[in-house]
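The file upload_28.txt comes next; it holds compact mmCIF, C-alpha atoms.
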# COMPACT_ATOMS: atom_id res chain seq x y z
CA MET V 890 18.02 2.69 -33.46
CA ALA V 891 17.96 -1.11 -33.10
CA THR V 892 18.17 -2.22 -36.70
CA GLU V 893 18.50 -5.78 -37.89
CA ASP V 894 22.26 -5.27 -38.22
CA ASP V 895 22.65 -4.39 -34.53
CA SER V 896 21.26 -7.71 -33.41
CA ALA V 897 23.27 -9.77 -35.92
CA VAL V 898 26.08 -11.89 -34.58
CA LYS V 899 29.12 -10.80 -36.55
CA GLU V 900 32.02 -11.45 -34.22
CA PRO V 901 32.69 -13.49 -31.08
CA LEU V 902 32.01 -10.51 -28.82
CA ASP V 903 28.48 -10.43 -30.16
CA LEU V 904 27.89 -13.81 -28.58
CA ILE V 905 28.68 -12.26 -25.21
CA ARG V 906 26.29 -9.45 -26.04
CA LEU V 907 23.53 -12.05 -26.30
CA SER V 908 24.22 -12.96 -22.65
CA LEU V 909 23.70 -9.43 -21.28
CA ASP V 910 21.43 -9.46 -18.24
CA GLU V 911 21.68 -13.24 -18.16
CA ARG V 912 23.52 -15.39 -15.70
CA ILE V 913 26.89 -16.52 -17.05
CA TYR V 914 29.84 -18.64 -16.10
CA VAL V 915 33.30 -17.06 -16.34
CA LYS V 916 36.54 -19.01 -16.07
CA LEU V 917 39.42 -16.87 -14.85
CA ARG V 918 43.14 -17.39 -14.52
CA SER V 919 44.52 -18.72 -11.23
CA ASP V 920 41.90 -21.49 -11.06
CA ARG V 921 38.99 -19.19 -10.36
CA GLU V 922 35.45 -19.33 -11.62
CA LEU V 923 32.64 -16.84 -11.40
CA ARG V 924 28.91 -17.30 -11.75
CA GLY V 925 26.86 -14.16 -11.90
CA LYS V 926 24.57 -11.89 -13.88
CA LEU V 927 26.31 -10.02 -16.68
CA HIS V 928 25.51 -6.31 -16.46
CA ALA V 929 28.20 -4.90 -18.74
CA TYR V 930 31.25 -5.87 -20.73
CA ASP V 931 33.72 -4.26 -23.15
CA GLN V 932 36.19 -5.32 -25.83
CA HIS V 933 38.84 -6.09 -23.23
CA LEU V 934 36.36 -8.43 -21.55
CA ASN V 935 36.28 -6.19 -18.50
CA MET V 936 32.93 -7.12 -17.00
CA ILE V 937 30.52 -6.00 -14.38
CA LEU V 938 28.78 -8.91 -12.73
CA GLY V 939 25.97 -8.82 -10.22
CA ASP V 940 25.10 -11.34 -7.51
CA VAL V 941 28.37 -13.18 -8.07
CA GLU V 942 29.65 -16.42 -6.64
CA GLU V 943 33.41 -16.93 -6.88
CA VAL V 944 34.92 -20.39 -6.61
CA VAL V 945 38.67 -20.71 -6.03
CA THR V 946 40.11 -24.19 -6.60
CA SER V 947 43.39 -25.30 -5.07
CA VAL V 948 45.15 -28.64 -5.19
CA GLU V 949 47.18 -29.73 -2.23
CA ILE V 950 49.41 -32.77 -2.22
CA ASP V 951 49.45 -34.84 0.96
CA ASP V 952 53.00 -35.19 2.29
CA GLU V 953 52.63 -38.82 3.22
CA THR V 954 50.25 -40.37 0.74
CA TYR V 955 51.06 -37.98 -2.14
CA GLU V 956 47.45 -37.92 -3.12
CA GLU V 957 45.97 -34.79 -4.61
CA ILE V 958 43.44 -33.05 -2.41
CA VAL V 959 41.23 -30.70 -4.38
CA LYS V 960 39.89 -27.85 -2.27
CA THR V 961 37.43 -25.17 -3.27
CA SER V 962 36.52 -21.99 -1.45
CA LYS V 963 33.48 -19.92 -2.32
CA ARG V 964 32.66 -16.28 -1.88
CA HIS V 965 29.64 -14.14 -2.67
CA VAL V 966 29.93 -10.55 -3.90
CA GLN V 967 27.00 -8.31 -4.70
CA TYR V 968 28.52 -6.18 -7.47
CA LEU V 969 31.89 -6.95 -9.00
CA PHE V 970 34.07 -5.35 -11.65
CA VAL V 971 36.28 -7.96 -13.32
CA ARG V 972 39.38 -6.88 -15.23
CA GLY V 973 39.42 -8.46 -18.65
CA ASP V 974 43.00 -9.68 -18.76
CA GLY V 975 42.14 -12.36 -16.20
CA VAL V 976 39.26 -13.82 -18.21
CA ILE V 977 39.77 -17.14 -20.00
CA LEU V 978 36.26 -17.98 -21.14
CA VAL V 979 32.66 -16.85 -20.87
CA SER V 980 29.72 -19.18 -21.20
CA PRO V 981 26.10 -19.67 -20.19
CA PRO V 982 26.07 -21.34 -16.78
CA LEU V 983 26.67 -25.09 -16.83
CA ARG V 984 23.54 -26.99 -15.97
CA THR V 985 24.47 -29.73 -13.51
CA SER V 986 21.09 -31.45 -13.61
CA MET G 1317 27.57 18.47 -25.35
CA GLY G 1318 29.95 15.61 -26.05
CA LYS G 1319 28.48 12.49 -27.56
CA ARG G 1320 28.73 9.27 -25.61
CA GLY G 1321 31.77 7.30 -26.58
CA GLU G 1322 33.91 10.17 -27.81
CA ARG G 1323 36.27 9.92 -24.92
CA GLN G 1324 38.71 7.05 -24.92
CA SER G 1325 37.67 6.03 -21.41
CA GLU G 1326 34.02 5.81 -22.40
CA ARG G 1327 34.71 3.10 -24.95
CA THR G 1328 35.70 0.70 -22.22
CA LEU G 1329 34.44 -0.08 -18.74
CA VAL G 1330 37.20 1.97 -17.09
CA CYS G 1331 34.70 4.83 -16.99
CA VAL G 1332 32.78 2.83 -14.39
CA ILE G 1333 35.79 2.76 -12.10
CA GLN G 1334 36.40 6.45 -12.75
CA ALA G 1335 32.83 7.18 -11.76
CA LEU G 1336 33.60 5.69 -8.34
CA MET G 1337 36.28 8.27 -7.53
CA GLY G 1338 36.06 9.45 -3.96
CA LEU G 1339 34.18 6.37 -2.79
CA GLU G 1340 35.44 3.63 -0.55
CA LEU G 1341 35.93 0.35 -2.33
CA LEU G 1342 37.84 -2.91 -2.19
CA VAL G 1343 40.41 -3.68 -4.86
CA GLU G 1344 41.76 -7.18 -5.27
CA LEU G 1345 45.11 -7.56 -6.93
CA ARG G 1346 46.49 -10.41 -9.00
CA ASN G 1347 48.87 -11.28 -6.19
CA ASP G 1348 45.91 -11.93 -3.87
CA LEU G 1349 46.31 -8.71 -1.91
CA SER G 1350 43.13 -6.88 -0.97
CA ILE G 1351 43.21 -3.12 -0.64
CA ARG G 1352 40.33 -1.30 0.99
CA GLY G 1353 40.41 2.46 0.76
CA PHE G 1354 39.13 5.58 -0.92
CA LEU G 1355 39.63 5.76 -4.66
CA ASP G 1356 41.49 9.01 -5.20
CA ASP G 1357 42.16 8.77 -8.90
CA CYS G 1358 41.84 6.38 -11.82
CA ASP G 1359 43.23 6.83 -15.31
CA ASN G 1360 42.33 5.23 -18.64
CA ALA G 1361 44.73 2.37 -18.04
CA MET G 1362 42.99 1.63 -14.73
CA ASN G 1363 46.05 2.73 -12.74
CA VAL G 1364 44.61 3.82 -9.41
CA ILE G 1365 45.59 5.92 -6.44
CA ILE G 1366 44.04 4.79 -3.19
CA LYS G 1367 44.01 6.90 -0.06
CA ASP G 1368 43.84 5.76 3.54
CA ALA G 1369 44.31 2.17 2.49
CA MET G 1370 44.18 -1.01 4.53
CA ILE G 1371 46.07 -3.78 2.78
CA GLU G 1372 45.30 -7.37 3.65
CA ASP G 1373 47.13 -10.43 2.38
CA VAL G 1374 45.91 -14.02 2.04
CA GLU G 1375 46.90 -14.85 5.61
CA GLY G 1376 44.93 -11.91 6.96
CA CYS G 1377 47.88 -9.68 7.86
CA GLN G 1378 46.76 -6.07 7.68
CA LYS G 1379 48.83 -2.99 7.05
CA HIS G 1380 47.73 0.60 6.77
CA MET G 1381 49.17 2.91 4.11
CA PRO G 1382 48.12 6.52 3.62
CA LEU G 1383 48.60 6.66 -0.16
CA ILE G 1384 49.08 3.90 -2.73
CA PHE G 1385 49.57 3.79 -6.48
CA VAL G 1386 48.56 0.54 -8.14
CA ARG G 1387 49.31 -0.25 -11.76
CA GLY G 1388 46.08 -1.17 -13.51
CA SER G 1389 47.42 -4.41 -14.93
CA ASN G 1390 47.76 -5.75 -11.39
CA ILE G 1391 44.08 -5.45 -10.60
CA ARG G 1392 41.95 -8.56 -10.64
CA PHE G 1393 38.66 -7.34 -9.15
CA VAL G 1394 37.09 -4.12 -7.97
CA HIS G 1395 34.28 -4.56 -5.48
CA ILE G 1396 31.69 -1.93 -6.22
CA PRO G 1397 29.90 -0.59 -3.12
CA ASP G 1398 26.36 -1.89 -2.76
CA ASN G 1399 24.70 1.46 -2.26
CA VAL G 1400 25.97 3.01 -5.48
CA ASN G 1401 23.81 3.54 -8.55
CA ILE G 1402 26.43 2.87 -11.21
CA MET G 1403 24.53 4.09 -14.25
CA GLN G 1404 23.73 7.37 -12.55
CA ALA G 1405 27.32 7.82 -11.38
CA VAL G 1406 28.71 7.24 -14.87
CA GLU G 1407 26.19 9.65 -16.41
CA GLU G 1408 26.94 12.32 -13.83
CA ARG G 1409 30.65 12.06 -14.42
CA ARG G 1410 30.13 12.28 -18.16
CA LEU G 1411 28.08 15.48 -17.70
CA VAL G 1412 30.75 16.95 -15.43
CA LEU G 1413 33.44 16.28 -18.03
CA ASP G 1414 31.28 17.72 -20.81
CA ARG G 1415 30.66 20.89 -18.81
CA ALA G 1416 34.35 21.17 -18.04
CA ALA G 1417 35.21 20.83 -21.74
CA LEU G 1418 32.66 23.51 -22.61
CA ALA G 1419 33.96 25.85 -19.92
CA TYR G 1420 37.50 25.31 -21.19
CA MET G 1421 36.43 26.52 -24.61
CA GLY G 1422 34.67 29.58 -23.13
CA GLY G 1423 31.27 28.18 -23.97
CA LYS G 1424 31.83 27.96 -27.71
CA GLY G 1425 31.05 24.28 -27.71
CA LEU G 1426 33.92 22.93 -29.77
CA ALA G 1427 36.42 20.42 -28.44
CA PRO G 1428 39.96 21.81 -28.15
CA MET G 1429 41.97 21.00 -31.26
CA PRO G 1430 45.77 21.20 -31.42
CA LYS G 1431 46.96 24.36 -33.13
CA VAL G 1432 49.38 23.64 -35.97
CA LEU G 1433 51.31 26.55 -37.40
CA GLU G 1434 51.57 26.58 -41.20
CA THR G 1435 55.34 26.80 -41.02
CA GLN G 1436 55.46 23.48 -39.20
CA ILE G 1437 53.80 21.52 -41.98
CA PRO G 1438 56.51 20.18 -44.32
CA ASP G 1439 55.96 20.58 -48.05
CA THR G 1440 56.60 16.87 -48.60
CA ALA G 1441 53.37 16.04 -46.76
CA ASP G 1442 51.28 17.12 -49.72
CA ALA G 1443 53.49 15.23 -52.14
CA ALA G 1444 52.97 11.99 -50.20
CA ILE G 1445 49.18 12.33 -50.60
Show the structure stored in the file as structure tokens.
Amino acid sequence: MATEDDSAVKEPLDLIRLSLDERIYVKLRSDRELRGKLHAYDQHLNMILGDVEEVVTSVEIDDETYEEIVKTSKRHVQYLFVRGDGVILVSPPLRTS
Amino acid sequence: MGKRGERQSERTLVCVIQALMGLELLVELRNDLSIRGFLDDCDNAMNVIIKDAMIEDVEGCQKHMPLIFVRGSNIRFVHIPDNVNIMQAVEERRLVLDRAALAYMGGKGLAPMPKVLETQIPDTADAAI
């Protein structure tokens, strides 16, 4: 059933298909990021991620010094369904080394 | 037996949520509310009905509500319970729906098609073709 056509990259969603079962980085709306293993996705970019780390970034402004304080909070979820309308981008995980 | 992907819900990942009906899960909304409760129903638009729900906001304030309807567009995440085998649950639900469709047709195996009376078809339809 897997012909040469099935593995060809024809449209942008096919690039996501190449990342199935791989770890990916997902940028969401509301300054959130996810890093996890992509188990499933669909055309709406609804996704099922496994072993997920969520990072929420918030910027607070100090009342006195008016400097921007960037805060992040992290969370780990074993198995997460992500609704596609919140997804901004999907990418292989960024290597920080 | 219906083929995979014939149903509208099976073309998207909503079928995964629908396979979790009856289970306890945590739903996170776009407005940062968390709702933990039993998934009573889920439709193709991901609108959900949650029973026996505990709603928690960002500050940690909790409120109990016996029955909630949430519009699907408001959902950000659904936490899937750890002990669930998703693939099996989706397959089982698909088989249940197939059997129900078969039973509806009295075992004849054809999907129900809308009946159109001949008198309802306007003559101009053929002319347009």
Please identify all residues of chain V having at least one atom at most 7 Å from any atom of chain G, considering only C-alpha atoms, and return them as JSON, numbers by chain. {"V": [930, 931, 935, 967, 968, 969, 970, 971, 972, 975]}
Proximity of region 1326-1402 of chain G to region 1412-1416 of chain G: per-residue shortest pair, 12 Å limit, all atoms listed in the file, as CSV:
residue,atom,partner,partner_atom,distance
G:Glu1326,CA,G:Leu1413,CA,11.4
G:Cys1331,CA,G:Leu1413,CA,11.6
G:Gln1334,CA,G:Leu1413,CA,11.5
G:Ala1335,CA,G:Val1412,CA,10.6
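Our summary of the geometry notes that CA of Ile905 (chain V) is positioned 22.9 Å from CA of Ala1361 (chain G).
CA of Ala1419 (chain G) lies 25.9 Å from CA of Leu1355 (chain G).
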For Arg964 (chain V), please output as a list of chain:residue names all residues within 8 Å (counting only C-alpha atoms; exclusion window: fewer than 5 positions along the same chain). V:Glu942, V:Glu943, V:Val944
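If you count only C-alpha atoms and ignore residues fewer than 3 places along the chain from Val1374 (chain G), what sits within 12 Å of it is Glu1344, Leu1345, Arg1346, Asn1347, Asp1348, Leu1349, Ser1350, Ile1351, Ile1371, Cys1377 and Gln1378 of chain G.
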Export of prior selection with C-alpha atoms as a PDB file, in the coordinates of the input:
ATOM      1  CA  GLU G1344      41.760  -7.180  -5.270  1.00  0.00           C
ATOM      2  CA  LEU G1345      45.110  -7.560  -6.930  1.00  0.00           C
ATOM      3  CA  ARG G1346      46.490 -10.410  -9.000  1.00  0.00           C
ATOM      4  CA  ASN G1347      48.870 -11.280  -6.190  1.00  0.00           C
ATOM      5  CA  ASP G1348      45.910 -11.930  -3.870  1.00  0.00           C
ATOM      6  CA  LEU G1349      46.310  -8.710  -1.910  1.00  0.00           C
ATOM      7  CA  SER G1350      43.130  -6.880  -0.970  1.00  0.00           C
ATOM      8  CA  ILE G1351      43.210  -3.120  -0.640  1.00  0.00           C
ATOM      9  CA  ILE G1371      46.070  -3.780   2.780  1.00  0.00           C
ATOM     10  CA  CYS G1377      47.880  -9.680   7.860  1.00  0.00           C
ATOM     11  CA  GLN G1378      46.760  -6.070   7.680  1.00  0.00           C
TER      12      GLN G1378
END
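With only C-alpha atoms as the atoms that count, the minimum distance from Met1403 (chain G) to the choices G:Leu1383, G:Leu1336, G:Arg1323, G:Asp1357 is reached by G:Leu1336.
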As a check of understanding: the span from CA of Glu1340 (chain G) to CA of Val979 (chain V) is 29.0 Å
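Compared by their closest atoms to Val948 (chain V), and using all atoms listed in the file, the residues V:His965, V:Leu927, V:Ser919, V:Glu911 rank with V:Ser919 nearest.
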Compute the distance from (44.7, 3.0, -3.3) to each atom, counting all atoms listed in the file, keep the residues with any atom at most 6 Å away, and return them as a PyMOL selection string; use the coordinates of the file. chain G and resi 1353+1355+1365-1367+1369+1384-1385
May I have the centre and edge lengths, in Å to one decimal, of an axis-aligned box around the listed atoms of region 1409-1423 of chain G with 8 Å added to every side, as lines of an AutoDock Vina configuration file?
center_x = 32.8
center_y = 20.8
center_z = -19.5
size_x = 25.4
size_y = 33.5
size_z = 26.2
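Each of G:Glu1407, G:Leu1341, G:His1380, G:Ile1402 was compared to Ala929 (chain V) using only C-alpha atoms, and G:Ile1402 turns out to be the nearest.
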